[in-house]
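For reference, target_3.txt (compact mmCIF, C-alpha atoms):
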# COMPACT_ATOMS: atom_id res chain seq x y z
CA MET K 705 68.63 92.50 83.17
CA THR K 706 67.23 95.27 80.99
CA ASN K 707 68.88 96.95 78.02
CA GLU K 708 68.84 100.16 80.04
CA ASP K 709 70.81 98.47 82.83
CA ILE K 710 73.38 97.09 80.38
CA GLU K 711 73.76 100.42 78.59
CA HIS K 712 74.29 102.21 81.88
CA LEU K 713 76.85 99.62 82.98
CA SER K 714 78.67 99.89 79.64
CA ALA K 715 78.83 103.68 79.84
CA MET K 716 80.03 103.59 83.44
CA LEU K 717 82.78 101.07 82.70
CA LYS K 718 84.03 103.03 79.70
CA ALA K 719 84.09 106.28 81.67
CA ARG K 720 85.79 104.80 84.72
CA SER K 721 88.24 102.31 83.18
CA GLY K 722 88.10 102.50 79.39
CA LEU K 723 86.70 98.98 79.24
CA ILE K 724 84.48 98.21 76.25
CA LEU K 725 82.07 95.32 76.80
CA GLY K 726 82.33 92.64 74.12
CA SER K 727 79.62 90.79 72.23
CA ASP K 728 79.31 88.18 75.00
CA LYS K 729 78.40 90.88 77.51
CA THR K 730 75.37 89.14 79.05
CA TYR K 731 77.37 86.04 80.00
CA LEU K 732 80.32 88.18 81.12
CA ILE K 733 78.15 90.41 83.27
CA GLU K 734 76.42 87.45 84.94
CA SER K 735 79.64 85.55 85.63
CA ARG K 736 81.65 88.54 86.89
CA LEU K 737 78.96 90.28 88.93
CA ALA K 738 77.19 87.33 90.56
CA PRO K 739 79.76 87.18 93.41
CA VAL K 740 79.43 90.94 93.95
CA ALA K 741 75.64 90.68 94.06
CA ARG K 742 75.79 87.90 96.66
CA LYS K 743 78.37 89.72 98.78
CA GLU K 744 76.38 92.96 98.78
CA GLY K 745 73.06 91.26 99.55
CA PHE K 746 71.31 91.68 96.19
CA SER K 747 68.82 89.02 95.11
CA SER K 748 70.28 88.92 91.59
CA VAL K 749 72.69 90.58 89.18
CA SER K 750 69.70 92.43 87.72
CA ALA K 751 68.92 93.90 91.13
CA LEU K 752 72.53 95.00 91.50
CA LEU K 753 72.48 96.69 88.08
CA THR K 754 69.24 98.49 88.90
CA ALA K 755 70.79 99.82 92.11
CA LEU K 756 73.86 100.85 90.17
CA ARG K 757 71.70 102.82 87.74
CA THR K 758 69.38 104.44 90.27
CA LYS K 759 71.76 105.24 93.15
CA ARG K 760 75.05 107.15 93.18
CA ASP K 761 76.99 104.60 95.24
CA GLU K 762 80.72 105.14 94.75
CA LYS K 763 81.69 102.01 96.67
CA LEU K 764 79.39 99.83 94.57
CA MET K 765 80.61 101.41 91.32
CA ALA K 766 84.21 100.71 92.32
CA MET K 767 83.43 97.09 93.19
CA VAL K 768 81.59 96.51 89.91
CA THR K 769 84.38 98.13 87.88
CA ASP K 770 86.95 95.99 89.68
CA ALA K 771 84.97 92.81 89.07
CA MET K 772 84.43 93.55 85.38
CA THR K 773 88.08 94.36 84.71
CA THR K 774 90.10 91.41 83.41
CA ASN K 775 92.98 90.55 85.75
CA GLU K 776 94.44 87.49 84.05
CA THR K 777 98.21 87.26 84.53
CA PHE K 778 100.97 84.87 85.51
CA PHE K 779 104.74 84.83 85.99
CA PHE K 780 106.78 85.34 82.79
CA ARG K 781 103.56 85.48 80.78
CA ASP K 782 104.20 84.83 77.06
CA LYS K 783 107.96 84.51 77.81
CA VAL K 784 109.00 86.47 74.67
CA PRO K 785 108.81 89.99 76.24
CA PHE K 786 111.07 88.84 79.07
CA ASP K 787 113.55 87.16 76.71
CA GLN K 788 113.64 90.37 74.64
CA PHE K 789 114.26 92.45 77.73
CA LYS K 790 117.13 90.23 78.84
CA SER K 791 118.80 89.79 75.43
CA ASP K 792 118.27 93.22 73.82
CA VAL K 793 116.72 95.94 75.97
CA LEU K 794 118.73 95.46 79.16
CA PRO K 795 122.17 95.36 77.43
CA ALA K 796 121.31 98.41 75.30
CA LEU K 797 120.15 100.53 78.24
CA ALA K 798 122.96 99.33 80.51
CA LYS K 799 125.43 100.96 78.10
CA THR K 800 123.76 104.36 78.13
CA ARG K 801 122.46 104.76 81.70
CA LEU K 802 125.59 106.03 83.38
CA ASN K 803 124.03 106.04 86.84
CA GLY K 804 123.11 102.37 86.39
CA GLU K 805 119.39 102.97 86.94
CA ILE K 806 116.77 101.75 84.47
CA LYS K 807 113.26 102.97 85.11
CA ILE K 808 110.44 100.57 84.22
CA TRP K 809 106.70 101.10 84.41
CA CYS K 810 104.42 98.06 84.49
CA ALA K 811 101.04 99.55 83.57
CA ALA K 812 97.98 97.53 84.62
CA CYS K 813 100.17 95.19 86.68
CA SER K 814 97.19 93.23 88.05
CA THR K 815 98.33 90.98 90.94
CA GLY K 816 102.03 91.69 90.43
CA GLN K 817 103.45 88.73 88.55
CA GLU K 818 104.85 90.86 85.72
CA PRO K 819 106.92 93.29 87.83
CA TYR K 820 108.09 90.47 90.08
CA SER K 821 109.17 88.50 86.99
CA LEU K 822 111.29 91.47 85.88
CA ALA K 823 112.82 91.85 89.34
CA MET K 824 113.75 88.15 89.44
CA LEU K 825 115.11 88.34 85.89
CA MET K 826 117.36 91.24 86.90
CA GLU K 827 118.61 89.28 89.88
CA GLU K 828 119.48 86.38 87.56
CA SER K 829 121.44 88.84 85.36
CA ARG K 830 123.26 90.48 88.27
CA ALA K 831 126.66 88.94 87.44
CA GLN K 832 126.51 90.28 83.89
CA PHE K 833 125.24 93.73 84.93
CA PRO K 834 126.58 94.27 88.47
CA ARG K 835 126.02 98.04 88.47
CA VAL K 836 122.52 98.07 86.97
CA ASN K 837 119.44 98.46 89.14
CA LEU K 838 115.82 98.43 88.05
CA ASP K 839 113.50 101.08 89.44
CA ILE K 840 110.13 99.38 88.86
CA LEU K 841 106.83 101.18 89.23
CA ALA K 842 103.78 98.90 89.02
CA THR K 843 100.30 100.42 88.74
CA ASP K 844 96.74 99.18 88.48
CA ILE K 845 93.21 100.50 88.83
CA SER K 846 92.17 97.73 91.23
CA ASP K 847 92.70 98.08 94.98
CA ARG K 848 92.11 94.35 95.35
CA CYS K 849 94.84 93.46 92.85
CA LEU K 850 97.32 95.93 94.31
CA GLU K 851 96.76 94.59 97.81
CA LYS K 852 97.56 91.06 96.64
CA ALA K 853 100.56 92.26 94.63
CA GLN K 854 102.01 94.11 97.61
CA SER K 855 101.54 91.08 99.85
CA GLY K 856 103.53 88.95 97.40
CA LEU K 857 101.45 85.96 98.45
CA TYR K 858 100.47 83.41 95.79
CA THR K 859 98.81 80.01 95.61
CA GLN K 860 100.55 76.81 94.53
CA PHE K 861 98.74 77.07 91.18
CA GLU K 862 99.92 80.66 90.66
CA VAL K 863 103.60 79.95 91.33
CA GLN K 864 103.49 76.95 89.02
CA ARG K 865 102.24 79.04 86.06
CA GLY K 866 105.32 80.12 84.10
CA LEU K 867 107.72 80.30 87.03
CA PRO K 868 110.87 78.13 86.70
CA ILE K 869 111.31 75.85 89.70
CA THR K 870 114.79 77.23 90.37
CA MET K 871 113.42 80.76 90.66
CA MET K 872 110.61 79.61 92.92
CA VAL K 873 113.03 77.90 95.31
CA LYS K 874 115.36 80.90 95.31
CA ASN K 875 112.78 83.68 95.69
CA PHE K 876 109.78 82.23 97.55
CA GLU K 877 109.06 80.77 100.96
CA LYS K 878 106.18 78.50 101.95
CA VAL K 879 103.54 80.10 104.17
CA ASP K 880 100.96 77.48 105.14
CA GLU K 881 99.36 76.53 101.79
CA MET K 882 100.66 79.66 100.02
CA TRP K 883 103.98 80.95 98.70
CA ARG K 884 105.34 84.42 99.52
CA ILE K 885 107.97 86.15 97.41
CA SER K 886 111.05 87.31 99.28
CA PRO K 887 111.19 90.68 101.06
CA LYS K 888 114.03 91.68 98.73
CA MET K 889 111.79 91.26 95.68
CA ARG K 890 108.84 93.01 97.35
CA GLN K 891 110.99 95.97 98.36
CA SER K 892 112.32 96.37 94.82
CA ILE K 893 108.93 97.42 93.41
CA ARG K 894 106.75 100.48 94.03
CA PHE K 895 103.03 99.76 93.71
CA LYS K 896 100.58 102.56 93.08
CA LYS K 897 96.92 102.92 92.13
CA LEU K 898 96.50 104.51 88.71
CA ASN K 899 93.81 104.74 86.04
CA LEU K 900 95.23 104.76 82.50
CA LEU K 901 92.47 107.19 81.50
CA ASP K 902 93.98 109.85 83.77
CA ASP K 903 96.74 112.34 82.98
CA LEU K 904 99.88 110.18 82.98
CA ARG K 905 102.45 112.97 83.20
CA GLY K 906 102.82 112.45 86.93
CA ILE K 907 104.48 109.10 86.24
CA GLY K 908 107.67 110.87 85.17
CA ARG K 909 110.32 109.71 82.73
CA MET K 910 110.56 105.99 82.09
CA ASP K 911 113.04 103.96 80.07
CA VAL K 912 110.75 100.98 79.50
CA ILE K 913 106.97 100.63 79.62
CA TYR K 914 105.16 97.31 79.80
CA CYS K 915 101.51 97.80 78.82
CA ARG K 916 100.55 94.31 77.77
CA ASN K 917 97.09 92.90 77.09
CA VAL K 918 95.37 96.10 78.20
CA LEU K 919 94.70 98.15 75.07
CA ILE K 920 92.60 95.35 73.54
CA TYR K 921 89.82 96.36 75.94
CA PHE K 922 89.83 100.04 74.86
CA ASP K 923 88.26 101.77 71.88
CA LEU K 924 90.45 103.36 69.19
CA GLU K 925 90.30 106.88 70.63
CA THR K 926 91.31 105.71 74.10
CA LYS K 927 94.14 103.56 72.74
CA LYS K 928 95.52 106.53 70.84
CA LYS K 929 95.34 108.80 73.88
CA VAL K 930 97.09 106.32 76.17
CA LEU K 931 99.83 105.47 73.66
CA GLU K 932 100.60 109.09 72.87
CA GLN K 933 100.83 109.96 76.56
CA MET K 934 103.22 107.03 77.03
CA ALA K 935 105.36 108.27 74.16
CA GLN K 936 105.83 111.53 76.06
CA LEU K 937 107.20 109.63 79.07
CA LEU K 938 109.86 107.75 77.12
CA PRO K 939 113.24 109.13 76.01
CA ASP K 940 114.26 108.73 72.38
CA ASP K 941 115.91 105.38 73.17
CA GLY K 942 113.03 104.07 75.30
CA TYR K 943 111.00 100.91 74.70
CA LEU K 944 107.33 99.96 74.82
CA PHE K 945 106.13 96.37 75.24
CA LEU K 946 102.59 95.53 74.12
CA GLY K 947 100.72 92.22 74.14
CA ALA K 948 101.04 89.78 71.25
CA ALA K 949 97.54 90.67 69.98
CA GLU K 950 98.11 94.43 70.24
CA THR K 951 99.65 96.93 67.84
CA VAL K 952 100.20 100.65 67.32
CA LEU K 953 99.59 100.36 63.58
CA GLY K 954 96.53 102.32 62.51
CA ILE K 955 96.30 103.92 65.95
CA THR K 956 99.24 106.30 66.31
CA ASP K 957 102.51 107.07 64.56
CA ALA K 958 104.24 107.99 67.82
CA PHE K 959 105.73 104.46 67.89
CA LYS K 960 106.99 102.01 65.33
CA PRO K 961 107.68 98.27 65.62
CA MET K 962 111.24 97.27 66.44
CA PRO K 963 112.40 95.11 63.51
CA GLY K 964 112.31 91.40 64.25
CA MET K 965 110.89 91.92 67.76
CA ARG K 966 107.23 90.94 68.09
CA GLY K 967 105.39 93.16 70.56
CA LEU K 968 108.32 95.53 71.09
CA TYR K 969 108.09 99.17 69.94
CA ILE K 970 110.37 102.18 69.83
CA LYS K 971 109.64 105.87 69.34
CA ASN K 972 109.15 106.98 65.77
CA GLN K 973 111.89 109.55 65.25
CA ALA K 974 110.58 110.39 61.78
CA VAL K 975 107.51 111.96 63.40
CA LYS K 976 109.67 114.12 65.64
CA THR K 977 111.83 115.18 62.68
CA GLU K 978 108.79 116.12 60.63
CA ALA K 979 107.32 118.12 63.51
CA ALA K 980 110.60 120.03 63.89
CA ARG K 981 110.72 120.71 60.17
CA ARG K 982 107.23 122.22 60.24
CA LEU K 983 108.18 124.52 63.11
CA ALA K 984 111.38 125.67 61.41
Same coordinates, now as structure tokens:
Amino acid sequence: MTNEDIEHLSAMLKARSGLILGSDKTYLIESRLAPVARKEGFSSVSALLTALRTKRDEKLMAMVTDAMTTNETFFFRDKVPFDQFKSDVLPALAKTRLNGEIKIWCAACSTGQEPYSLAMLMEESRAQFPRVNLDILATDISDRCLEKAQSGLYTQFEVQRGLPITMMVKNFEKVDEMWRISPKMRQSIRFKKLNLLDDLRGIGRMDVIYCRNVLIYFDLETKKKVLEQMAQLLPDDGYLFLGAAETVLGITDAFKPMPGMRGLYIKNQAVKTEAARRLA
């Protein structure tokens, strides 16, 4: 593949998804795009990239973007964000949401394990919070991932990754060699296609946003834009969950870390106060 092909691919991916190719881009491109090249009848990845550069093929661009986007996820991934939600976030919001509804947005939900984990966690906490219901919106840029998420159908390997056996027995049924999550869990989540580079105001107000292990693939400017749009969606007592390797520090002052809670952020009220003072 030529430098021109790689540069065009890099520019396309950044424009369409915010993805920045890393230093291992040649290996990554070959490994991710080889299946696409075979499926679409190209003799090699280089031939696919040349076609991508010389023809305006929306379908091919979407397939390549989908293939290059990282979709790694599993049930209760990293555990800590779910423990924090159960022990701190859920009790705090349950006290202040008089209608009993807590709105959660799972941004870049991939194949659905994160929102389903939250739905199962809420079901486990039902006795403690009988009047609380989670309104979960799960979005992703990938049609392929959303289709799988909506089906709720997972392999044996996928249900064994992070999912307690008691939850699997309670919430899944065996379908041939696969496992399907219960209709109740599937109906509790709204799935929608969304690009984080777009205007996010249409999402509406949210109490909690999970945007984990996504920002690491964006450049600084894109991170700042996404985070500051998310801040506008959250009320003053809202919460933002980021991945363990992600931070808002040095990017935006719209959020600040919640003391003693790794990966959990709250809105920075000092910024709002200062802005009000300047307008006074």
Quick one: everything within 9 Å of Glu881 of chain K, counting all atoms listed in the file, minus sequence neighbours fewer than 2 positions away in the same chain. Send it as a compact mmCIF listing (two decimals) with C-alpha atoms, in the coordinates of the input.
# COMPACT_ATOMS: atom_id res chain seq x y z
CA THR K 859 98.81 80.01 95.61
CA GLN K 860 100.55 76.81 94.53
CA LYS K 878 106.18 78.50 101.95
CA VAL K 879 103.54 80.10 104.17
CA TRP K 883 103.98 80.95 98.70
For Ser886 of chain K, which residue out of K:Leu898, K:Ile840, K:Ala823, K:Ala935 is the nearest one, using all atoms listed in the file? K:Ala823
Find the residues around Ile733 of chain K up to 10 Å (only C-alpha atoms counted), leave out those fewer than 5 positions away in its own chain, and share them as number ranges by chain. K: 705, 710, 713, 725, 728, 738, 749-750, 753, 768, 771-772
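When atom CA of Arg781 of chain K is paired with atom CA of Gly866 of chain K, their separation reads 6.5 Å.
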Between K:Pro795, K:Gly722, K:Gly942, K:Gly856, which residue has the minimum interatomic distance to Phe876 of chain K, considering only C-alpha atoms?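 Counting only C-alpha atoms, the residue closest to Phe876 of chain K is K:Gly856.
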Counting all atoms listed in the file, figure out which residue out of K:Ala766, K:Ala741, K:Leu857, K:Ala811 gets nearest to Leu717 of chain K.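 Under the stated criterion, the closest residue is K:Ala766.
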Please identify all polymer residues lying at most 10 Å from the point (88.8, 107.0, 81.8) (file coordinates), using only C-alpha atoms, and present the result as a VMD selection string. chain K and resid 716 to 723 899 to 903 922 926
For atom CA of Ser855 of chain K and atom CA of Ile893 of chain K, quote the distance in Å rounded to one decimal.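 Between atom CA of Ser855 of chain K and atom CA of Ile893 of chain K the gap is 11.7 Å.
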If you measure from atom CA of Phe779 of chain K to atom CA of Gln817 of chain K, what distance in Å do you get, rounded to one decimal?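 Between atom CA of Phe779 of chain K and atom CA of Gln817 of chain K the gap is 4.8 Å.
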